[in-house]
file start.cif (mmCIF, C-alpha atoms)
data_model
loop_
_atom_site.label_atom_id
_atom_site.label_comp_id
_atom_site.auth_asym_id
_atom_site.auth_seq_id
_atom_site.Cartn_x
_atom_site.Cartn_y
_atom_site.Cartn_z
CA MET A 1 39.02 108.79 -6.52
CA ARG A 2 37.85 107.77 -9.94
CA TRP A 3 34.39 108.98 -9.05
CA LEU A 4 35.84 112.34 -8.04
CA GLY A 5 37.81 112.47 -11.28
CA HIS A 6 34.67 112.02 -13.34
CA ARG A 7 32.87 114.70 -11.33
CA LEU A 8 35.73 117.14 -11.84
CA VAL A 9 35.66 116.52 -15.59
CA GLU A 10 31.90 117.21 -15.60
CA ALA A 11 32.39 120.34 -13.52
CA SER A 12 35.15 121.56 -15.85
CA ALA A 13 32.86 121.05 -18.82
CA LEU A 14 30.22 123.23 -17.15
CA VAL A 15 32.80 125.90 -16.28
CA LEU A 16 34.03 125.94 -19.87
CA LEU A 17 30.48 126.30 -21.15
CA ALA A 18 29.83 129.12 -18.69
CA LEU A 19 33.05 130.85 -19.73
CA VAL A 20 31.99 130.86 -23.37
CA LEU A 21 28.46 131.91 -22.49
CA GLY A 22 29.53 134.68 -20.12
CA LEU A 23 32.13 136.19 -22.44
CA THR A 24 29.70 136.05 -25.37
CA LEU A 25 26.94 137.68 -23.34
CA ASN A 26 29.29 140.46 -22.34
CA ALA A 27 30.41 140.97 -25.92
CA VAL A 28 26.85 141.43 -27.21
CA ARG A 29 25.80 143.61 -24.29
CA ARG A 30 24.82 147.16 -25.19
CA GLU A 31 27.76 148.37 -23.18
CA PRO A 32 30.30 145.56 -22.65
CA LEU A 33 32.24 145.70 -19.42
CA PRO A 34 35.87 146.43 -20.46
CA TYR A 35 38.32 143.81 -19.20
CA ASP A 36 41.12 146.34 -18.67
CA LEU A 37 39.18 148.61 -16.36
CA PRO A 38 41.59 150.09 -13.81
CA ALA A 39 41.09 149.15 -10.18
CA SER A 40 40.34 152.76 -9.23
CA LEU A 41 37.25 152.62 -11.45
CA LEU A 42 36.19 149.26 -10.11
CA LEU A 43 36.19 150.43 -6.54
CA THR A 44 36.10 154.19 -6.02
CA GLN A 45 37.35 155.69 -2.78
CA SER A 46 34.06 157.52 -2.35
CA GLY A 47 32.03 154.37 -2.88
CA ALA A 48 30.20 156.06 -5.74
CA ARG A 49 29.24 153.86 -8.63
CA VAL A 50 30.93 154.35 -11.99
CA VAL A 51 28.85 154.71 -15.15
CA PHE A 52 30.09 154.44 -18.70
CA THR A 53 29.48 156.85 -21.54
CA GLY A 54 26.44 155.06 -22.96
CA GLU A 55 24.61 154.97 -19.66
CA ALA A 56 25.68 158.55 -18.93
CA ARG A 57 24.12 159.61 -22.23
CA ARG A 58 20.85 157.99 -21.19
CA LEU A 59 20.99 159.84 -17.88
CA PHE A 60 21.72 163.02 -19.84
CA ASP A 61 18.68 162.46 -22.06
CA ASP A 62 16.50 161.65 -19.06
CA ALA A 63 17.43 165.07 -17.68
CA HIS A 64 16.92 163.82 -14.15
CA PHE A 65 20.60 163.73 -13.21
CA VAL A 66 22.52 166.98 -12.83
CA PHE A 67 26.01 166.81 -14.32
CA VAL A 68 28.77 168.30 -12.18
CA ASP A 69 32.24 169.16 -13.46
CA ALA A 70 35.05 168.42 -10.99
CA ARG A 71 37.82 170.10 -13.00
CA GLU A 72 39.32 173.54 -12.50
CA GLU A 73 37.32 176.60 -13.52
CA HIS A 74 39.54 177.51 -16.46
CA GLU A 75 39.15 174.01 -17.83
CA PHE A 76 35.41 174.30 -17.40
CA LEU A 77 35.41 177.57 -19.34
CA GLU A 78 37.19 175.90 -22.24
CA ALA A 79 34.79 173.00 -22.54
CA HIS A 80 32.29 171.06 -20.46
CA ILE A 81 29.38 168.72 -20.87
CA GLU A 82 26.38 170.71 -21.98
CA GLY A 83 24.29 171.93 -19.05
CA SER A 84 26.77 170.90 -16.37
CA LEU A 85 27.70 172.91 -13.31
CA SER A 86 31.27 173.59 -12.21
CA LEU A 87 32.30 172.55 -8.72
CA PRO A 88 36.06 172.05 -8.21
CA PRO A 89 36.56 169.92 -5.08
CA ALA A 90 38.99 172.52 -3.67
CA ARG A 91 36.18 175.10 -3.45
CA PHE A 92 33.54 172.65 -2.27
CA ASP A 93 32.60 174.38 0.99
CA GLU A 94 32.21 177.72 -0.69
CA LEU A 95 30.21 176.57 -3.72
CA TYR A 96 28.19 173.62 -2.50
CA PRO A 97 25.32 175.70 -1.06
CA GLU A 98 24.84 177.29 -4.45
CA LEU A 99 24.88 173.92 -6.19
CA ARG A 100 22.29 172.78 -3.70
CA LEU A 101 20.04 175.67 -4.79
CA TRP A 102 20.11 174.44 -8.36
CA THR A 103 19.85 170.73 -7.79
CA ALA A 104 17.56 170.41 -4.79
CA GLY A 105 18.25 166.78 -4.09
CA GLN A 106 18.46 165.55 -7.67
CA PRO A 107 20.93 162.74 -8.32
CA LEU A 108 24.34 163.91 -9.52
CA LEU A 109 26.78 162.69 -12.13
CA VAL A 110 30.35 163.82 -11.49
CA TYR A 111 33.05 163.86 -14.13
CA GLY A 112 36.66 164.97 -14.41
CA GLU A 113 39.60 164.51 -16.76
CA SER A 114 39.93 161.31 -18.69
CA GLY A 115 41.99 158.58 -17.14
CA ASN A 116 42.20 160.35 -13.80
CA ILE A 117 39.19 160.07 -11.61
CA LEU A 118 40.88 161.38 -8.47
CA ALA A 119 39.22 164.81 -8.66
CA ALA A 120 35.83 163.36 -9.54
CA ASP A 121 36.16 160.74 -6.82
CA ASP A 122 37.14 163.40 -4.28
CA LEU A 123 34.17 165.54 -5.24
CA ALA A 124 31.84 162.53 -5.07
CA ARG A 125 33.14 161.76 -1.59
CA GLN A 126 32.44 165.32 -0.43
CA LEU A 127 28.99 165.33 -2.00
CA LEU A 128 28.06 162.04 -0.35
CA ALA A 129 29.41 163.30 2.97
CA ALA A 130 27.31 166.44 2.57
CA GLY A 131 24.21 164.29 2.38
CA GLU A 132 23.64 163.80 -1.36
CA GLU A 133 21.93 160.47 -1.83
CA LEU A 134 22.88 159.40 -5.33
CA VAL A 135 26.19 160.35 -6.89
CA VAL A 136 27.76 158.52 -9.84
CA ILE A 137 31.08 159.06 -11.59
CA LEU A 138 31.56 159.11 -15.35
CA ALA A 139 34.29 156.68 -16.44
CA GLY A 140 36.68 158.34 -18.86
CA GLY A 141 35.53 161.82 -17.95
CA LEU A 142 34.97 164.59 -20.45
CA ASP A 143 37.24 163.07 -23.11
CA ALA A 144 35.25 159.86 -23.31
CA TRP A 145 32.06 161.91 -23.51
CA ARG A 146 33.46 164.09 -26.30
CA SER A 147 34.95 161.20 -28.25
CA HIS A 148 31.50 159.65 -28.47
CA GLY A 149 30.25 162.87 -30.02
CA HIS A 150 27.97 163.82 -27.15
CA PRO A 151 27.12 167.50 -26.64
CA VAL A 152 29.90 169.68 -25.26
CA ASP A 153 29.67 173.36 -24.48
CA GLY A 154 32.08 176.16 -23.59
CA GLY A 155 31.83 179.44 -21.74
CA PRO A 156 30.82 180.62 -18.31
CA GLU A 157 27.33 179.19 -18.26
CA GLY A 158 27.08 176.88 -15.28
CA LEU A 159 30.04 178.39 -13.46
CA LEU A 160 29.03 178.51 -9.81
CA GLY A 161 30.09 181.43 -7.67
CA ALA A 162 31.22 183.56 -10.57
CA GLU A 163 30.09 187.14 -10.44
CA GLY A 164 27.23 187.82 -12.81
CA SER A 165 27.12 184.24 -13.97
CA ALA A 166 23.63 183.92 -12.58
CA ALA A 167 24.08 180.23 -12.79
CA PRO A 168 22.02 179.58 -15.78
CA ALA A 169 20.44 176.50 -15.01
CA PRO A 170 21.39 173.06 -15.80
CA ARG A 171 18.88 171.64 -18.16
CA SER A 172 16.51 170.39 -15.56
CA ALA A 173 17.23 172.33 -12.45
CA GLU A 174 13.95 174.20 -12.22
CA PRO A 175 11.62 172.42 -9.86
CA ALA A 176 8.74 173.07 -12.25
CA ASP A 177 10.58 171.26 -14.99
CA ARG A 178 11.25 168.36 -12.78
CA ALA A 179 7.70 167.99 -11.62
CA GLY A 180 6.63 168.08 -15.25
CA GLY A 181 9.11 165.42 -16.15
CA GLU A 182 7.92 163.11 -13.45
CA GLU A 183 4.33 163.45 -14.49
CA GLU A 184 5.26 162.49 -18.00
CA GLU A 185 6.99 159.40 -16.73
CA GLN A 186 3.88 158.33 -14.94
CA MET B 187 49.88 133.48 -0.48
CA THR B 188 50.67 132.63 3.13
CA PRO B 189 47.94 134.78 4.70
CA TYR B 190 45.33 132.78 2.75
CA LEU B 191 46.49 129.42 4.06
CA PRO B 192 44.60 129.45 7.38
CA PHE B 193 41.40 130.46 5.57
CA ALA B 194 41.87 127.76 2.97
CA ALA B 195 42.61 125.14 5.64
CA LEU B 196 39.61 126.11 7.76
CA THR B 197 37.32 126.14 4.74
CA LEU B 198 38.54 122.73 3.63
CA LEU B 199 38.01 121.35 7.12
CA ALA B 200 34.50 122.74 7.28
CA LEU B 201 33.79 121.34 3.83
CA LEU B 202 34.87 117.87 4.95
CA LEU B 203 32.65 118.21 8.01
CA ALA B 204 29.69 119.19 5.83
CA TYR B 205 30.41 116.24 3.55
CA GLY B 206 30.44 113.99 6.60
CA VAL B 207 26.96 115.18 7.58
CA ALA B 208 25.65 114.83 4.04
CA ALA B 209 27.22 111.39 3.65
CA TRP B 210 25.72 110.22 6.92
CA ALA B 211 22.25 111.33 5.88
CA ALA B 212 22.67 109.86 2.43
CA ARG B 213 23.92 106.54 3.79
CA HIS B 214 20.84 106.13 5.92
CA THR B 215 18.41 106.98 3.15
CA ALA B 216 20.29 105.37 0.27
CA GLY B 217 17.75 102.64 -0.31
CA ALA B 218 14.63 104.56 0.66
CA ALA B 219 12.20 106.66 -1.31
CA LEU B 220 12.81 109.40 1.24
CA GLY B 221 16.39 109.68 -0.01
CA LEU B 222 15.22 110.14 -3.57
CA TRP B 223 12.76 112.85 -2.58
CA LEU B 224 15.34 114.56 -0.42
CA ALA B 225 17.91 114.51 -3.20
CA TRP B 226 15.46 116.06 -5.65
CA ALA B 227 14.34 118.65 -3.13
CA CYS B 228 17.97 119.59 -2.55
CA ARG B 229 18.66 119.91 -6.25
CA VAL B 230 15.57 121.99 -6.97
CA ALA B 231 16.10 124.28 -3.97
CA LEU B 232 19.76 124.83 -4.77
CA ALA B 233 19.02 125.53 -8.43
CA ALA B 234 16.26 127.98 -7.46
CA VAL B 235 18.51 129.90 -5.08
CA PHE B 236 21.27 130.20 -7.65
CA LEU B 237 18.96 131.11 -10.51
CA LEU B 238 17.59 133.90 -8.34
CA ALA B 239 21.12 135.01 -7.50
CA ALA B 240 22.17 134.91 -11.15
CA TYR B 241 19.18 137.01 -12.17
CA GLY B 242 20.20 139.73 -9.75
CA LYS B 243 23.77 139.71 -11.01
CA ILE B 244 23.67 139.11 -14.74
CA LEU B 245 22.10 142.47 -15.54
CA ASP B 246 24.94 144.43 -13.99
CA PRO B 247 28.38 142.84 -14.40
CA TYR B 248 30.05 146.07 -13.28
CA ALA B 249 28.34 145.95 -9.88
CA LEU B 250 29.29 142.29 -9.47
CA ALA B 251 32.92 142.83 -10.50
CA SER B 252 33.05 145.79 -8.16
CA SER B 253 31.72 143.83 -5.21
CA ILE B 254 34.09 140.92 -5.95
CA TYR B 255 36.98 143.36 -6.05
CA ALA B 256 35.79 144.85 -2.76
CA TYR B 257 36.64 141.57 -1.01
CA ARG B 258 40.28 142.50 -1.74
CA VAL B 259 41.32 138.99 -2.60
CA VAL B 260 41.80 139.09 -6.38
CA PRO B 261 43.22 141.76 -8.73
CA ALA B 262 40.87 143.91 -10.81
CA GLY B 263 41.21 141.89 -14.02
CA VAL B 264 40.26 138.65 -12.30
CA ALA B 265 37.34 140.38 -10.59
CA ILE B 266 36.03 141.62 -13.94
CA VAL B 267 36.26 138.24 -15.69
CA THR B 268 34.66 136.57 -12.66
CA GLY B 269 31.90 139.19 -12.66
CA VAL B 270 31.19 138.42 -16.29
CA VAL B 271 31.37 134.62 -16.02
CA MET B 272 29.92 133.89 -12.57
CA PRO B 273 26.23 134.51 -13.36
CA ALA B 274 26.57 132.36 -16.50
CA LEU B 275 28.15 129.58 -14.44
CA GLU B 276 25.34 129.78 -11.90
CA ILE B 277 22.75 129.45 -14.64
CA VAL B 278 24.55 126.62 -16.45
CA ALA B 279 25.08 124.62 -13.23
CA ALA B 280 21.50 125.24 -12.06
CA LEU B 281 20.14 123.98 -15.38
CA ALA B 282 22.40 120.93 -15.09
CA LEU B 283 21.00 120.19 -11.63
CA LEU B 284 17.42 120.58 -12.82
CA SER B 285 17.75 118.70 -16.11
CA GLY B 286 19.85 115.84 -14.83
CA LEU B 287 22.39 116.35 -17.61
CA LEU B 288 25.81 116.51 -15.91
CA TRP B 289 23.98 117.21 -12.67
CA ARG B 290 26.79 115.78 -10.54
CA GLY B 291 29.17 118.26 -12.15
CA GLY B 292 26.68 121.02 -11.37
CA ALA B 293 26.53 120.00 -7.73
CA VAL B 294 30.34 119.94 -7.57
CA VAL B 295 30.45 123.42 -9.12
CA PHE B 296 28.01 124.77 -6.53
CA ALA B 297 29.82 123.12 -3.63
CA ALA B 298 33.10 124.62 -4.83
CA MET B 299 31.56 128.06 -5.38
CA LEU B 300 29.97 128.04 -1.95
CA ALA B 301 33.27 126.99 -0.36
CA VAL B 302 34.97 129.92 -2.09
CA PHE B 303 32.17 132.25 -0.96
CA ILE B 304 32.57 131.07 2.62
CA ALA B 305 36.33 131.63 2.49
CA GLY B 306 35.79 135.10 1.01
CA LEU B 307 33.21 136.05 3.64
CA PHE B 308 35.35 134.67 6.40
CA GLN B 309 38.48 136.59 5.38
CA ALA B 310 36.43 139.79 4.95
CA ILE B 311 35.07 139.49 8.48
CA VAL B 312 38.46 138.63 9.98
CA ARG B 313 40.16 141.51 8.15
CA GLY B 314 37.38 143.87 9.12
CA ILE B 315 36.38 144.75 5.56
CA ASP B 316 32.95 146.32 5.78
CA ILE B 317 31.14 145.53 2.51
CA ASP B 318 27.89 144.22 1.10
CA CYS B 319 28.16 140.57 0.19
CA GLY B 320 27.06 141.05 -3.42
CA CYS B 321 25.35 137.66 -3.32
CA PHE B 322 22.14 138.69 -5.04
CA GLY B 323 23.21 141.79 -6.96
CA LYS B 324 22.12 145.23 -5.86
CA GLU B 325 20.06 144.53 -2.75
CA SER B 326 22.58 142.42 -0.88
CA PRO B 327 22.98 142.19 2.88
CA PRO B 328 26.30 143.15 4.48
CA VAL B 329 28.91 140.49 5.13
CA SER B 330 28.22 138.56 8.34
CA PHE B 331 28.59 135.19 10.06
CA TRP B 332 24.94 134.56 9.31
CA LEU B 333 25.80 134.48 5.60
CA ILE B 334 28.53 131.93 6.28
CA ALA B 335 26.00 129.76 8.09
CA ARG B 336 23.56 130.15 5.21
CA ASN B 337 26.22 129.08 2.72
CA TYR B 338 26.95 125.97 4.81
CA GLY B 339 23.27 125.12 4.59
CA LEU B 340 23.45 125.51 0.82
CA ILE B 341 26.60 123.36 0.66
CA LEU B 342 24.68 120.57 2.39
CA LEU B 343 22.06 120.86 -0.37
CA ALA B 344 24.81 120.36 -2.95
CA LEU B 345 26.59 117.55 -1.11
CA PHE B 346 23.60 115.40 -0.17
CA PRO B 347 22.68 114.31 -3.72
CA LEU B 348 26.36 113.68 -4.47
CA ALA B 349 26.83 111.59 -1.33
CA ARG B 350 23.66 109.69 -2.15
CA ASP B 351 25.03 108.96 -5.61
CA VAL B 352 28.25 107.61 -4.13
CA TRP B 353 26.46 105.43 -1.57
CA ARG B 354 24.02 103.99 -4.02
CA GLU B 355 26.83 102.91 -6.28
CA ARG B 356 28.84 101.54 -3.39
CA LEU B 357 25.92 99.69 -1.78
CA GLY B 358 24.80 98.21 -5.06
CA PHE B 359 21.55 100.10 -5.45
CA ALA B 360 22.61 101.60 -8.71
CA PRO B 361 24.78 99.22 -10.70
CA ARG B 362 26.20 101.37 -13.41
CA ARG B 363 28.29 99.37 -15.72
CA ARG B 364 25.93 96.50 -16.41
CA GLY B 365 23.24 96.67 -19.03
CA THR B 366 21.70 99.77 -20.54
CA ARG B 367 19.26 102.08 -18.95
CA PHE B 368 16.40 99.84 -20.09
CA SER B 369 17.91 96.41 -19.71
CA ARG B 370 19.64 96.94 -16.42
CA PRO B 371 19.11 94.03 -14.05
CA ARG B 372 17.31 94.90 -10.84
CA ALA B 373 19.65 95.56 -7.99
CA ALA B 374 19.80 92.92 -5.31
CA ARG B 375 18.02 94.09 -2.21
#

call {"tool": "encode", "arguments": {"input": "start.cif", "output": "structure tokens"}}
result
Amino acid sequence: MRWLGHRLVEASALVLLALVLGLTLNAVRREPLPYDLPASLLLTQSGARVVFTGEARRLFDDAHFVFVDAREEHEFLEAHIEGSLSLPPARFDELYPELRLWTAGQPLLVYGESGNILAADDLARQLLAAGEELVVILAGGLDAWRSHGHPVDGGPEGLLGAEGSAAPAPRSAEPADRAGGEEEEQ
Amino acid sequence: MTPYLPFAALTLLALLLAYGVAAWAARHTAGAALGLWLAWACRVALAAVFLLAAYGKILDPYALASSIYAYRVVPAGVAIVTGVVMPALEIVAALALLSGLLWRGGAVVFAAMLAVFIAGLFQAIVRGIDIDCGCFGKESPPVSFWLIARNYGLILLALFPLARDVWRERLGFAPRRRGTRFSRPRAAR
């Protein structure tokens, strides 16, 4: 028993050390994992992974991901992430083929309102079911993006299915662009 | 709490069984060089496995927290803190095992962690939760009985050196409280 007691004290010491080390590591991380993350962001219904604003910005700069707006059209017209396409989950069946034309298998980042990822999660679920391979969801949605001062746009550009919108290209949708980008990476 | 009791009881029983096996092996090699080699091999192998696991997990605490939460045993906050601390604990305990500083504590930590893993895997299988185990970060196999068996193997690696330590003290191979490290009288053989 005494032997076990000593071992438990040693083990507790190690756990304490690990606690300090782990919390410190997280604090100095480029993007610390928030401790109050809601459960819906920890485990999405769609199974899509959640990314935070900093990582989303890197994906934005990489221009390999296509950003997809899961909010209503009128909200999209007011403001959206620069270069994103609008695809409200309610009109998925109608608009998805057009999205497919512009993305051609590129990975997708889906975002919605802040604090409510239901729409984004629903859209991600439909995208994954439709055969998209990589779909991620932006934690905090457009508000988090905007509050970090990342580029936001307004207007009909990127509105799928709208008459005369001519879906002006997300920043990297053209296959030529993409091929070019990949060559540069190599 | 009640639904966890059968899992906890079964895990505890299996742990005792594993300790019995380890203690038997340690008892029979307590005075032999083979026992020493075996104990070191166990410690090094266990530390290597956990260092590898920690490497896969420490880079992405979100993925780890998410896969812990997916076991549907703990609330989100606990899953997040565990996701942040677990890789650090694996590294600290592995270094303890390798360096010899507090190594017994490290072995106890690993045995306890593995017991918890086994309970988590077991409840996931019984409840039909279809998830990846999350053991090594991103490229983890799905939950299965094979993983439970593997974790029992790893528990034996943690328990053997501990059992050996107990037996050596009990059988008088390693008198602890007499003399210093350098003036310790030779054990009677």

call {"tool": "resolve_selection", "arguments": {"input": "start.cif", "expression": "the PyMOL selection byres ((chain B) within 6 of (chain A))", "output": "PyMOL selection string"}}
result
chain B and resi 252+262+270-271+274-275+291+295

call {"tool": "resolve_selection", "arguments": {"input": "start.cif", "expression": "the PyMOL selection byres ((chain A and resi 65-81) around 7)", "output": "MDAnalysis selection string"}}
result
chainID A and resid 59:60 63:64 82:89 103 106:113 119:120 123 142 151:156 170

call {"tool": "resolve_selection", "arguments": {"input": "start.cif", "expression": "the PyMOL selection byres ((chain A and resi 124-132) around 8)", "output": "count of residues only"}}
result
18

call {"tool": "axis_aligned_box", "arguments": {"input": "start.cif", "around": "segment 32-44 of chain A", "padding_each_side": "8 Å", "output": "AutoDock Vina command-line options"}}
result
--center_x 35.9 --center_y 149.0 --center_z -14.3 --size_x 27.3 --size_y 26.4 --size_z 32.6

call {"tool": "atom_distance", "arguments": {"input": "start.cif", "atom1": "atom CA of Phe322 of chain B", "atom2": "atom CA of Thr53 of chain A"}}
result
25.6 Å

call {"tool": "atom_distance", "arguments": {"input": "start.cif", "atom1": "atom CA of Gly242 of chain B", "atom2": "atom CA of Lys324 of chain B"}}
result
7.0 Å

call {"tool": "atom_distance", "arguments": {"input": "start.cif", "atom1": "atom CA of Gly323 of chain B", "atom2": "atom CA of Thr197 of chain B"}}
result
24.1 Å
